[in-house]
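Engineer: This is the structure, below, for whatever I ask next.
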Amino acid sequence: MTMFGSGGGFDLPRAQVGVSRWRRFRAGVDWPLVLAMVAIAAIGLLNLYSATHGTRHAGKFDQQVRWMFVGAIAFVVATVIDYRAIVRLAWFALAAAIVALIVVDVVGQGAKGSERWLYIGTLGGQPSELAKLAVILVLARLLHDTAGAKPSWQSLVPRIAALVVPVVLIAVQPDLGTASLLTLIMLTVGFLAMRDLWPMVYTLFVMVLAVPILYETMHDYQKQRVLAFLEPSADPNGSGWHTRQSIFAVGSGKVTGKGYMEGTQNQFDFLPEHWTDFPFSVWAEEWGFLGSLVLIVLFGFLIVWILNVAVNARDHAGAVLCTGIAAMTFWHVVVNVAMVLGMAPVVGVTLPFISYGGSSLLTFFLAMGMVASVSLRKHGY
Amino acid sequence: MTPASPEIARRMRWVMLVLLLVFGGLVVRLWQLQVLRGDRYYHQTVENVVHERYLPSIRGRILDRSGVPLADNRPAFNIYATPRTFTPAVAAELRRLLGLSDEEMDKVAARVETGRKRATRHPVLVLEDQPRERAARIEQERFRLPDLEVRHEPYRYYPQGALAAHVLGYMSQMTADEVERLEGGAYEPDELVGRYGLESMWENYLRGKMGTERFAVDARGQRLDEATAAGLIQGDRIIEPVAGYSLVLTIDAGLQKLAEKAVAPFPAAAVAVIEVKSGRVLALVSKPSFDPNVMTGHLTRAEAKFLNDDPRKPFIDKTLRAQYPPGSTFKFITTIAALEDGLAQEEELVTCPGSYERSGTTFDCTASHGKLDLLAAIQHSCNIYFWTLAERIGIDRMAEVANEYGFGSRTGVGLNGDNPGRIPTRAWYEQHTRFKIGYTINSATGQGDVEVTVMQLAMAYAALANGGTLFVPQVVDRVVRADGGTVIPYDPQVKQRVTTPPEVVDLWRRGMWKAVNEVGGTGYGHATSAVVTIAGKTGTAQVKAKRSKKDEAQIRGWHPSADHAWFAGWAPAEDPTIAIVVLIEHGGSGGKVAGPVAKAILEGWWTKVRAPAP
């Protein structure tokens with residue numbers, strides 16, 4: 001097995017040489033991945049329609065459909081392009097992400113006092129979403145470069161420091177959800193890909209020390225959310241409101257749900273902004289335990305499948321890339337659903353393909369495209 | 001290290017395990033919320049959407065015997081606030097808009113806090129019975145202050161002001177404690193409840209049954225449209241309120257007014273006027289009084305303090321709750337006991353030297369009456385005559401007769417305390433101290449430890465007047481529906497029949513006649529009337545507990561150590577129709593002070609209130 005591909009572009013299985021390119025491409029496409037993704041995205045659209053129809057937010061559905069098209073194109077493009085070419089550009093991607101984050105920190109427009117948004121013309125985006133992909137790419141690049149040989153500290157430290165920069169920039173926005181998510185992704189990838197686990201232990205130690213400092217930089221409303229999570233009954237109508245209402249919504253769905261577009265918690269606005277952070281609660285209220293189970297199983301399948309692609313990747317870069325994307329998907333789902341179920345504080349972490357928002361959709365479509373790209377090129381002989 | 005190295009594969013298995021555990025945890029949590037606790041949360045979400053609002057019932061009115069309204073309802077503007085949205089900014093705006101005082105703001109804040117503890121989305125009454133201008137100002141600002149609401153609701157009022165305040169009582173908001181206790185009993189925490197008098201005792205009749213309106217709201221508390229609401233609400237949308245029953249009293253508003261006017265010059269007094277042949281109460285006065293309109297939702301802290309600090313205790317009903325030594329009005333007990341037992345004769349003469357000595361104690365009579373017979377003793381209210389009799393009768397026998405006339409037990413009117421009073425016996429004294437003959441002597445003239453209520457004395461005199469029927473005093477004549485139809489008629493109720501032989505009662509009645517209508521009688525000139533013949537007995541009861549000079553200085557003309565002035569009697573003397581008891585607290589001489597009051601009331605009844613008999 002070669003450690004690094006012989007070249008860019010299409011690097012298709014030799015066994016199929018002679019068959020038309022399109023048929024070879026079609027055969028190489030990871031259909032289970034695509035199907036799982038499309039199923040989840042379809043649920044997302046269905047759910048968003050229920051969450052917004054008949055309100056002044058109804059336009060969000062059309063907007064999301066547009067983003068879906070853009071996302072689908074991004075997926076195809078990312079599938080077609082050889083991931084190794086992208087991995088080679090990882091440092092540029094990270095640099096671009098860092099610049100965008102700095103711009104956002106300086107001039108960004110805030111929701112609730114957090115600067116997360118960047119506008120180019122009327123097109124808004126959250127660089128922190130795309131920064132996750134950049135970090136995963138750099139991880140792929142880094143672990144690929146250092147694989148085999150024992151790296152010197154002198155070469156490693158600056159690179160790891162470069163990875164910490166976006167985390168810090170996101171944390172000071174402050175967007176603690178994404179910052180911790182990024183950290184979790186790095187730790188997961190590190191656990192799976194690093195030869196020696198001791199640096200991880202050190203990093204964890206430093207992180208624990210950093211928690212109080214981070215807490216100090218948070219906005220009051222964020223602190224309240226954390227406190228509300230720790231003691232939800234203390235102020236049921238204040239900070240604990242979201243969590244309580246979300247639990248009511250989920251629980252009230254019972255086994256089979258209240259029926260599509262029949263969720264009272266959803267329809268009568270008891271969950272503010274439920275299309276971004278709480279779409280799962282809308283789904284659970286209207287489709288019940290069975291519906292929730294279907295969605296959880298779909299996500300579980302998607303993540304396991306991506307890890308499967310990672311294991312079968314032709315090279316280390318592809319493996320790390322897929323591992324990172326699996327980790328990203330996993331943590332997004334877990335943190336978001338746990339938050340909806342009152343098991344985690346309310347943080348702005350989206351549910352992949354379900355939450356409303358272009359940045360998140362685009363990020364995940366691109367990510368899945370890269371996985372498909374790795375999958376397409378798995379036969380490296 | 002390649003992707004397929006055994007070490008990585010091992011770690012991958014760990015990762016898979018963690019993934020399985022974490023997703024499994026989420027599924028378990030979903031199971032817990034949706035399957036195990038689903039029903040509970042389902043109800044919670046219904047509660048989120050479906051709100052209830054009570055529709056106040058119209059409280060029954062309280063009418064006098066001829067239909068004059070004493071307690072009624074009028075429309076009023078009540079202002080409601082929703083605790084969840086009642087921020088300090090809204091509070092400040094409300095204050096500015098209405099020009100509220102500190103005290104009013106405190107009240108508003110306290111009510112919002114009480115409401116917040118129950119349900120933050122449920123509007124609470126913060127200001128009741130507001131002037132039209134204030135209501136209009138809130139209405140004008142409804143777009144800026146959407147969670148302040150003005151409701152037009154019936155409000156209790158008392159068209160006659162303070163008239164018969166102790167009988168009627170007043171209403172007030174429930175305390176936090178009561179809210180908790182009564183919440184299950186279909187009470188809304190904003191409701192006023194009867195607090196005193198009939199309003200309190202007849203609450204269940206007067207209140208009616210509140211209705212309920214159920215409606216659906218979204219998260220901001222905005223009402224959803226009818227079609228949506230219909231789909232969400234199961235069962236009735238509106239349950240109409242049921243109006244309360246009204247009470248028709250035996251009280252005559254005209255006589256009540258007259259009686260209150262008659263005691264107006266005195267700082268503290270009580271009057272009971274009873275229809276002799278039925279025990280119906282025609283007037284019942286307790287002074288000092290309060291205005292139930294003020295008490296019902298408009299009492300300021302200063303007013304409350306003033307009323308509570310008043311040493312005359314305005315909230316104690318002086319006809320039923322407070323008990324007093326009856327003084328000489330009690331002598332009929334001694335007389336009847338002695339005559340019944342054959343221990344006295346009408347013609348027996350006793351010499352009154354002005355004082356009486358027993359076991360080292362000297363008891364003073366009102367004067368040196370010289371030689372007199374029983375009738376003259378009643379007429380002049382000679383203590384020594386009755387002390388002499390008392391020694392023959394003994395304290396226990398006197399107590400027996402007193403009990404027969406209703407003393408020492410509740411009258412049964414069921415209002416404002418209805419104190420049983422105290423009729424001491426030998427055993428009672430043995431229990432508390434050592435019995436002395438002096439106690440018997442004191443009891444004979446309604447002093448010492450004998451204590452009665454004004455109502456008890458009035459009922460006993462009514463029994464003397466009607467030939468021996470001791471009635472339960474009746475204040476409510478009938479319960480009627482809003483349309484006037486009678487629901488429950490109440491017939492006169494006999495408490496007990498006294499067994500005094502008619503000739504014994506007759507002697508006492510002749511003595512009473514002389515006391516008022518013959519020169520030298522204690523009530524002569526004071527209660528003697530040209531309009532209607534009045535028979536009566538005066539009493540000047542010494543006050544045991546001397547109060548401080550401080551109290552004395554506080555109220556003009558009120559001397560807490562002065563004697564109580566009593567007059568108990570009836571008219572017309574020959575064929576009594578109404579009995580009256582007047583007590584002027586610390587008024588001094590019974591004949592001089594209480595006599596003219598009784599006369600004024602009785603004369604007023606015959607000349608002004610009741611059409612003169614043909």
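Chain labels follow the order of the structure tokens: the first chain is A, the next B, and so on; residue numbering restarts at 1 in every chain, and ligands are counted from 1 in their shown order.
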Given only C-alpha atoms, how would the per-residue table for chain A near chain B read, listing every residue at most 9 Å away with its closest atom pair and distance in Å to one decimal, sorted by chain and number, as JSON lines?

Structural biologist:
{"residue": "A:Met1", "atom": "CA", "partner": "B:Thr2", "partner_atom": "CA", "distance": 9.0}
{"residue": "A:Met3", "atom": "CA", "partner": "B:Thr2", "partner_atom": "CA", "distance": 8.1}
{"residue": "A:Ala147", "atom": "CA", "partner": "B:Met1", "partner_atom": "CA", "distance": 6.1}
{"residue": "A:Gly148", "atom": "CA", "partner": "B:Met1", "partner_atom": "CA", "distance": 5.7}
{"residue": "A:Thr188", "atom": "CA", "partner": "B:Val15", "partner_atom": "CA", "distance": 8.5}
{"residue": "A:Phe191", "atom": "CA", "partner": "B:Arg11", "partner_atom": "CA", "distance": 7.6}
{"residue": "A:Leu192", "atom": "CA", "partner": "B:Arg11", "partner_atom": "CA", "distance": 6.1}
{"residue": "A:Ala193", "atom": "CA", "partner": "B:Ile8", "partner_atom": "CA", "distance": 7.0}
{"residue": "A:Met194", "atom": "CA", "partner": "B:Met1", "partner_atom": "CA", "distance": 8.6}
{"residue": "A:Arg195", "atom": "CA", "partner": "B:Met1", "partner_atom": "CA", "distance": 7.2}
{"residue": "A:Asn237", "atom": "CA", "partner": "B:Arg84", "partner_atom": "CA", "distance": 7.8}
{"residue": "A:Gln245", "atom": "CA", "partner": "B:Thr45", "partner_atom": "CA", "distance": 8.3}
{"residue": "A:Ile247", "atom": "CA", "partner": "B:Leu33", "partner_atom": "CA", "distance": 7.3}
{"residue": "A:Phe248", "atom": "CA", "partner": "B:Tyr41", "partner_atom": "CA", "distance": 4.9}
{"residue": "A:Ala249", "atom": "CA", "partner": "B:Thr45", "partner_atom": "CA", "distance": 7.0}
{"residue": "A:Val250", "atom": "CA", "partner": "B:Gln34", "partner_atom": "CA", "distance": 6.4}
{"residue": "A:Gly251", "atom": "CA", "partner": "B:Gln34", "partner_atom": "CA", "distance": 4.1}
{"residue": "A:Ser252", "atom": "CA", "partner": "B:Tyr42", "partner_atom": "CA", "distance": 3.8}
{"residue": "A:Gly253", "atom": "CA", "partner": "B:Gln34", "partner_atom": "CA", "distance": 6.1}
{"residue": "A:Lys254", "atom": "CA", "partner": "B:Gln34", "partner_atom": "CA", "distance": 4.2}
{"residue": "A:Val255", "atom": "CA", "partner": "B:Val35", "partner_atom": "CA", "distance": 5.8}
{"residue": "A:Gly257", "atom": "CA", "partner": "B:Gln34", "partner_atom": "CA", "distance": 8.9}
{"residue": "A:Thr264", "atom": "CA", "partner": "B:Thr45", "partner_atom": "CA", "distance": 7.1}
{"residue": "A:Gln265", "atom": "CA", "partner": "B:Thr45", "partner_atom": "CA", "distance": 6.6}
{"residue": "A:Gln267", "atom": "CA", "partner": "B:Asp218", "partner_atom": "CA", "distance": 8.2}
{"residue": "A:Phe268", "atom": "CA", "partner": "B:Asp218", "partner_atom": "CA", "distance": 4.5}
{"residue": "A:Asp269", "atom": "CA", "partner": "B:Ala219", "partner_atom": "CA", "distance": 5.3}
{"residue": "A:Phe270", "atom": "CA", "partner": "B:Ala219", "partner_atom": "CA", "distance": 4.8}
{"residue": "A:Leu271", "atom": "CA", "partner": "B:Ala219", "partner_atom": "CA", "distance": 8.1}
{"residue": "A:Pro272", "atom": "CA", "partner": "B:Ala219", "partner_atom": "CA", "distance": 8.9}
{"residue": "A:Ala284", "atom": "CA", "partner": "B:Gln34", "partner_atom": "CA", "distance": 8.5}
{"residue": "A:Glu285", "atom": "CA", "partner": "B:Gln34", "partner_atom": "CA", "distance": 8.8}
{"residue": "A:Gly288", "atom": "CA", "partner": "B:Gln34", "partner_atom": "CA", "distance": 6.9}
{"residue": "A:Phe289", "atom": "CA", "partner": "B:Gln34", "partner_atom": "CA", "distance": 5.9}
{"residue": "A:Ser292", "atom": "CA", "partner": "B:Leu30", "partner_atom": "CA", "distance": 7.8}
{"residue": "A:Leu293", "atom": "CA", "partner": "B:Val27", "partner_atom": "CA", "distance": 7.0}
{"residue": "A:Ile296", "atom": "CA", "partner": "B:Phe23", "partner_atom": "CA", "distance": 7.4}
{"residue": "A:Val297", "atom": "CA", "partner": "B:Phe23", "partner_atom": "CA", "distance": 8.6}
{"residue": "A:Gly300", "atom": "CA", "partner": "B:Phe23", "partner_atom": "CA", "distance": 7.4}
{"residue": "A:Ile303", "atom": "CA", "partner": "B:Leu19", "partner_atom": "CA", "distance": 8.9}
{"residue": "A:Val304", "atom": "CA", "partner": "B:Met16", "partner_atom": "CA", "distance": 7.7}
{"residue": "A:Leu307", "atom": "CA", "partner": "B:Met12", "partner_atom": "CA", "distance": 8.4}
{"residue": "A:Ala310", "atom": "CA", "partner": "B:Pro3", "partner_atom": "CA", "distance": 7.6}
{"residue": "A:Val311", "atom": "CA", "partner": "B:Pro3", "partner_atom": "CA", "distance": 5.8}
{"residue": "A:Asn312", "atom": "CA", "partner": "B:Pro3", "partner_atom": "CA", "distance": 7.5}
{"residue": "A:Ala313", "atom": "CA", "partner": "B:Pro3", "partner_atom": "CA", "distance": 7.3}
{"residue": "A:Arg314", "atom": "CA", "partner": "B:Pro3", "partner_atom": "CA", "distance": 8.3}
{"residue": "A:Asp315", "atom": "CA", "partner": "B:Pro3", "partner_atom": "CA", "distance": 7.1}
{"residue": "A:His316", "atom": "CA", "partner": "B:Pro3", "partner_atom": "CA", "distance": 5.9}
{"residue": "A:Ala319", "atom": "CA", "partner": "B:Pro3", "partner_atom": "CA", "distance": 6.3}
{"residue": "A:Val320", "atom": "CA", "partner": "B:Pro3", "partner_atom": "CA", "distance": 8.4}
{"residue": "A:Phe330", "atom": "CA", "partner": "B:Leu19", "partner_atom": "CA", "distance": 8.0}
{"residue": "A:Val334", "atom": "CA", "partner": "B:Phe23", "partner_atom": "CA", "distance": 7.6}
{"residue": "A:Val337", "atom": "CA", "partner": "B:Leu26", "partner_atom": "CA", "distance": 7.5}
{"residue": "A:Ala338", "atom": "CA", "partner": "B:Leu26", "partner_atom": "CA", "distance": 6.9}
{"residue": "A:Leu341", "atom": "CA", "partner": "B:Arg29", "partner_atom": "CA", "distance": 7.3}
{"residue": "A:Met343", "atom": "CA", "partner": "B:Arg29", "partner_atom": "CA", "distance": 8.8}

Engineer: Those same residues, written as a PDB file, in the first residue's frame with C-alpha atoms?

Structural biologist:
ATOM      1  CA  MET A   1       0.000   0.000   0.000  1.00  0.00           C
ATOM      2  CA  MET A   3       1.689   5.950   1.586  1.00  0.00           C
ATOM      3  CA  ALA A 147       3.464   9.176   9.918  1.00  0.00           C
ATOM      4  CA  GLY A 148       6.185   6.589   9.924  1.00  0.00           C
ATOM      5  CA  THR A 188     -10.734  12.123  18.768  1.00  0.00           C
ATOM      6  CA  PHE A 191      -6.654   9.270  19.780  1.00  0.00           C
ATOM      7  CA  LEU A 192      -7.241   7.325  16.606  1.00  0.00           C
ATOM      8  CA  ALA A 193      -4.206   8.409  14.632  1.00  0.00           C
ATOM      9  CA  MET A 194      -1.346   9.194  16.988  1.00  0.00           C
ATOM     10  CA  ARG A 195       1.249   6.632  17.793  1.00  0.00           C
ATOM     11  CA  ASN A 237     -38.646  30.606  33.415  1.00  0.00           C
ATOM     12  CA  GLN A 245     -39.614  23.434  26.995  1.00  0.00           C
ATOM     13  CA  ILE A 247     -37.811  18.306  27.248  1.00  0.00           C
ATOM     14  CA  PHE A 248     -41.582  18.883  27.316  1.00  0.00           C
ATOM     15  CA  ALA A 249     -41.643  18.876  23.538  1.00  0.00           C
ATOM     16  CA  VAL A 250     -39.614  15.701  23.176  1.00  0.00           C
ATOM     17  CA  GLY A 251     -41.447  13.872  25.953  1.00  0.00           C
ATOM     18  CA  SER A 252     -44.893  14.935  24.773  1.00  0.00           C
ATOM     19  CA  GLY A 253     -44.259  13.148  21.472  1.00  0.00           C
ATOM     20  CA  LYS A 254     -44.619   9.865  23.359  1.00  0.00           C
ATOM     21  CA  VAL A 255     -44.142   6.742  21.227  1.00  0.00           C
ATOM     22  CA  GLY A 257     -45.593  11.523  18.056  1.00  0.00           C
ATOM     23  CA  THR A 264     -47.926  22.383  19.827  1.00  0.00           C
ATOM     24  CA  GLN A 265     -44.557  23.221  21.318  1.00  0.00           C
ATOM     25  CA  GLN A 267     -46.257  25.387  16.227  1.00  0.00           C
ATOM     26  CA  PHE A 268     -46.898  27.865  19.003  1.00  0.00           C
ATOM     27  CA  ASP A 269     -43.338  28.941  19.518  1.00  0.00           C
ATOM     28  CA  PHE A 270     -42.572  27.502  22.914  1.00  0.00           C
ATOM     29  CA  LEU A 271     -39.085  26.778  21.626  1.00  0.00           C
ATOM     30  CA  PRO A 272     -37.520  29.971  20.419  1.00  0.00           C
ATOM     31  CA  ALA A 284     -39.223  14.194  18.360  1.00  0.00           C
ATOM     32  CA  GLU A 285     -42.441  15.977  19.276  1.00  0.00           C
ATOM     33  CA  GLY A 288     -42.325  10.418  18.725  1.00  0.00           C
ATOM     34  CA  PHE A 289     -39.865   7.857  19.985  1.00  0.00           C
ATOM     35  CA  SER A 292     -36.360   9.878  16.974  1.00  0.00           C
ATOM     36  CA  LEU A 293     -34.984   6.374  16.810  1.00  0.00           C
ATOM     37  CA  ILE A 296     -30.524   8.476  15.598  1.00  0.00           C
ATOM     38  CA  VAL A 297     -29.999   5.221  13.726  1.00  0.00           C
ATOM     39  CA  GLY A 300     -25.241   6.253  13.748  1.00  0.00           C
ATOM     40  CA  ILE A 303     -20.821   7.857  11.310  1.00  0.00           C
ATOM     41  CA  VAL A 304     -19.982   4.168  11.363  1.00  0.00           C
ATOM     42  CA  LEU A 307     -15.240   5.314   9.978  1.00  0.00           C
ATOM     43  CA  ALA A 310     -11.444   5.667   7.081  1.00  0.00           C
ATOM     44  CA  VAL A 311     -10.314   2.151   7.849  1.00  0.00           C
ATOM     45  CA  ASN A 312     -10.322   1.244   4.186  1.00  0.00           C
ATOM     46  CA  ALA A 313      -8.703   4.443   2.984  1.00  0.00           C
ATOM     47  CA  ARG A 314      -5.736   4.000   0.691  1.00  0.00           C
ATOM     48  CA  ASP A 315      -3.511   6.286   2.710  1.00  0.00           C
ATOM     49  CA  HIS A 316      -3.043   7.918   6.042  1.00  0.00           C
ATOM     50  CA  ALA A 319      -7.960   7.862   6.927  1.00  0.00           C
ATOM     51  CA  VAL A 320      -7.346  10.876   9.117  1.00  0.00           C
ATOM     52  CA  PHE A 330     -20.502  12.491  15.864  1.00  0.00           C
ATOM     53  CA  VAL A 334     -24.229  14.120  20.341  1.00  0.00           C
ATOM     54  CA  VAL A 337     -29.230  15.969  20.801  1.00  0.00           C
ATOM     55  CA  ALA A 338     -27.919  15.897  24.365  1.00  0.00           C
ATOM     56  CA  LEU A 341     -32.712  16.198  25.796  1.00  0.00           C
ATOM     57  CA  MET A 343     -28.248  16.399  29.084  1.00  0.00           C
TER      58      MET A 343
END

Engineer: At a cut-off of 12 Å, using only C-alpha atoms, what residues contact segment 78-80 of chain A? Leave out same-chain residues fewer than 4 positions from it and give the result as an mmCIF file with N, CA and C atoms, in the first residue's frame.

Structural biologist:
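Dumped everything to part-v5.cif:
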data_model
loop_
_atom_site.group_PDB
_atom_site.id
_atom_site.type_symbol
_atom_site.label_atom_id
_atom_site.label_comp_id
_atom_site.auth_asym_id
_atom_site.auth_seq_id
_atom_site.Cartn_x
_atom_site.Cartn_y
_atom_site.Cartn_z
ATOM 1 N N GLY A 8 -2.400 13.409 -8.689
ATOM 2 C CA GLY A 8 -3.723 13.958 -8.413
ATOM 3 C C GLY A 8 -4.724 13.448 -9.429
ATOM 4 N N GLY A 9 -5.858 14.108 -9.496
ATOM 5 C CA GLY A 9 -6.871 13.771 -10.472
ATOM 6 C C GLY A 9 -7.506 12.428 -10.191
ATOM 7 N N PHE A 10 -8.095 11.870 -11.195
ATOM 8 C CA PHE A 10 -8.793 10.596 -11.021
ATOM 9 C C PHE A 10 -7.798 9.479 -10.865
ATOM 10 N N ASP A 11 -7.952 8.747 -9.835
ATOM 11 C CA ASP A 11 -7.040 7.647 -9.567
ATOM 12 C C ASP A 11 -7.915 6.447 -9.301
ATOM 13 N N LEU A 12 -8.433 5.907 -10.393
ATOM 14 C CA LEU A 12 -9.501 4.941 -10.262
ATOM 15 C C LEU A 12 -8.975 3.522 -10.177
ATOM 16 N N ARG A 21 -15.491 6.098 -18.104
ATOM 17 C CA ARG A 21 -15.180 6.844 -16.882
ATOM 18 C C ARG A 21 -16.403 7.003 -16.003
ATOM 19 N N TRP A 22 -17.508 7.307 -16.664
ATOM 20 C CA TRP A 22 -18.730 7.556 -15.905
ATOM 21 C C TRP A 22 -19.176 6.306 -15.160
ATOM 22 N N PHE A 25 -16.934 5.707 -12.382
ATOM 23 C CA PHE A 25 -17.227 6.672 -11.315
ATOM 24 C C PHE A 25 -18.464 6.221 -10.532
ATOM 25 N N ARG A 26 -19.478 5.827 -11.288
ATOM 26 C CA ARG A 26 -20.726 5.433 -10.651
ATOM 27 C C ARG A 26 -20.502 4.215 -9.759
ATOM 28 N N GLY A 28 -17.790 3.473 -8.326
ATOM 29 C CA GLY A 28 -16.936 3.820 -7.179
ATOM 30 C C GLY A 28 -17.629 4.704 -6.169
ATOM 31 N N VAL A 29 -18.729 5.310 -6.565
ATOM 32 C CA VAL A 29 -19.417 6.221 -5.644
ATOM 33 C C VAL A 29 -19.943 5.424 -4.450
ATOM 34 N N ASP A 30 -19.794 6.033 -3.275
ATOM 35 C CA ASP A 30 -20.187 5.365 -2.036
ATOM 36 C C ASP A 30 -21.688 5.556 -1.824
ATOM 37 N N LEU A 33 -23.308 5.881 1.721
ATOM 38 C CA LEU A 33 -23.031 7.203 2.299
ATOM 39 C C LEU A 33 -24.003 8.231 1.736
ATOM 40 N N VAL A 34 -24.145 8.205 0.401
ATOM 41 C CA VAL A 34 -25.021 9.176 -0.248
ATOM 42 C C VAL A 34 -26.463 8.994 0.223
ATOM 43 N N GLY A 71 -25.239 22.901 -1.609
ATOM 44 C CA GLY A 71 -24.549 21.834 -0.876
ATOM 45 C C GLY A 71 -24.353 20.609 -1.747
ATOM 46 N N ALA A 72 -25.403 20.257 -2.512
ATOM 47 C CA ALA A 72 -25.311 19.066 -3.360
ATOM 48 C C ALA A 72 -24.204 19.247 -4.398
ATOM 49 N N ILE A 73 -24.148 20.441 -4.965
ATOM 50 C CA ILE A 73 -23.079 20.711 -5.939
ATOM 51 C C ILE A 73 -21.719 20.614 -5.260
ATOM 52 N N ALA A 74 -21.630 21.210 -4.046
ATOM 53 C CA ALA A 74 -20.371 21.147 -3.301
ATOM 54 C C ALA A 74 -19.981 19.698 -3.040
ATOM 55 N N ARG A 84 -6.524 14.231 -1.940
ATOM 56 C CA ARG A 84 -5.118 14.470 -1.658
ATOM 57 C C ARG A 84 -4.687 15.856 -2.119
ATOM 58 N N ALA A 85 -5.335 16.316 -3.191
ATOM 59 C CA ALA A 85 -5.031 17.676 -3.652
ATOM 60 C C ALA A 85 -5.482 18.679 -2.606
ATOM 61 N N ILE A 86 -6.644 18.384 -2.011
ATOM 62 C CA ILE A 86 -7.168 19.315 -1.007
ATOM 63 C C ILE A 86 -6.294 19.276 0.245
ATOM 64 N N VAL A 87 -5.896 18.063 0.624
ATOM 65 C CA VAL A 87 -5.065 17.926 1.823
ATOM 66 C C VAL A 87 -3.757 18.689 1.632
ATOM 67 N N LEU A 362 -23.393 23.590 4.150
ATOM 68 C CA LEU A 362 -22.289 23.570 3.202
ATOM 69 C C LEU A 362 -21.114 22.790 3.775
ATOM 70 N N THR A 363 -20.814 23.040 5.040
ATOM 71 C CA THR A 363 -19.704 22.354 5.693
ATOM 72 C C THR A 363 -19.896 20.841 5.639
ATOM 73 N N PHE A 364 -21.092 20.405 5.981
ATOM 74 C CA PHE A 364 -21.312 18.960 6.026
ATOM 75 C C PHE A 364 -21.380 18.336 4.639
ATOM 76 N N PHE A 365 -21.943 19.073 3.673
ATOM 77 C CA PHE A 365 -21.948 18.537 2.310
ATOM 78 C C PHE A 365 -20.518 18.390 1.789
ATOM 79 N N LEU A 366 -19.728 19.435 2.045
ATOM 80 C CA LEU A 366 -18.325 19.380 1.624
ATOM 81 C C LEU A 366 -17.611 18.211 2.303
ATOM 82 N N ALA A 367 -17.865 18.071 3.600
ATOM 83 C CA ALA A 367 -17.203 17.021 4.366
ATOM 84 C C ALA A 367 -17.568 15.647 3.799
ATOM 85 N N MET A 368 -18.864 15.449 3.546
ATOM 86 C CA MET A 368 -19.298 14.149 3.012
ATOM 87 C C MET A 368 -18.715 13.933 1.617
ATOM 88 N N GLY A 369 -18.591 15.037 0.877
ATOM 89 C CA GLY A 369 -17.960 14.936 -0.444
ATOM 90 C C GLY A 369 -16.543 14.423 -0.320
ATOM 91 N N MET A 370 -15.835 14.930 0.662
ATOM 92 C CA MET A 370 -14.451 14.489 0.860
ATOM 93 C C MET A 370 -14.408 13.020 1.240
ATOM 94 N N VAL A 371 -15.364 12.610 2.095
ATOM 95 C CA VAL A 371 -15.414 11.194 2.466
ATOM 96 C C VAL A 371 -15.660 10.354 1.213
ATOM 97 N N ALA A 372 -16.610 10.821 0.391
ATOM 98 C CA ALA A 372 -16.906 10.092 -0.842
ATOM 99 C C ALA A 372 -15.667 10.031 -1.720
ATOM 100 N N SER A 373 -14.920 11.118 -1.708
ATOM 101 C CA SER A 373 -13.684 11.175 -2.494
ATOM 102 C C SER A 373 -12.683 10.135 -1.997
ATOM 103 N N VAL A 374 -12.569 10.022 -0.668
ATOM 104 C CA VAL A 374 -11.662 9.025 -0.093
ATOM 105 C C VAL A 374 -12.151 7.623 -0.455
ATOM 106 N N SER A 375 -13.454 7.448 -0.348
ATOM 107 C CA SER A 375 -14.046 6.149 -0.615
ATOM 108 C C SER A 375 -13.833 5.746 -2.075
ATOM 109 N N LEU A 376 -13.995 6.742 -2.939
ATOM 110 C CA LEU A 376 -13.849 6.495 -4.371
ATOM 111 C C LEU A 376 -12.437 6.013 -4.720
ATOM 112 N N ARG A 377 -11.481 6.500 -3.935
ATOM 113 C CA ARG A 377 -10.086 6.222 -4.265
ATOM 114 C C ARG A 377 -9.452 5.232 -3.299
#

Engineer: Could you give me, as a PyMOL selection string, the residues within 12 Å of Met339 of chain A, counting only C-alpha atoms and dropping anything in the same chain fewer than 5 positions from it?

Structural biologist: (chain A and resi 177+225-226+228-229+240+242-247+250+277-281+331-334+344-351) or (chain B and resi 26+29)

Engineer: DSSP on the backbone, helix (DSSP H, G or I) only: what residues of segment 114-312 of chain A does that give? Format it as JSON, numbers by chain.

Structural biologist: {"A": [127, 128, 129, 130, 131, 132, 133, 134, 135, 136, 137, 138, 139, 140, 141, 142, 143, 144, 145, 146, 153, 154, 155, 156, 157, 158, 159, 160, 161, 162, 163, 164, 165, 166, 167, 168, 169, 170, 171, 176, 177, 178, 179, 180, 181, 182, 183, 184, 185, 186, 187, 188, 189, 190, 191, 192, 193, 198, 199, 200, 201, 202, 203, 204, 205, 206, 207, 208, 209, 210, 211, 212, 213, 214, 215, 216, 217, 220, 221, 222, 223, 224, 225, 226, 227, 228, 229, 230, 241, 242, 243, 244, 245, 246, 247, 248, 249, 250, 251, 252, 264, 265, 266, 267, 279, 280, 281, 282, 283, 284, 285, 286, 287, 288, 289, 290, 291, 292, 293, 294, 295, 296, 297, 298, 299, 300, 301, 302, 303, 304, 305, 306, 307, 308, 309, 310, 311]}
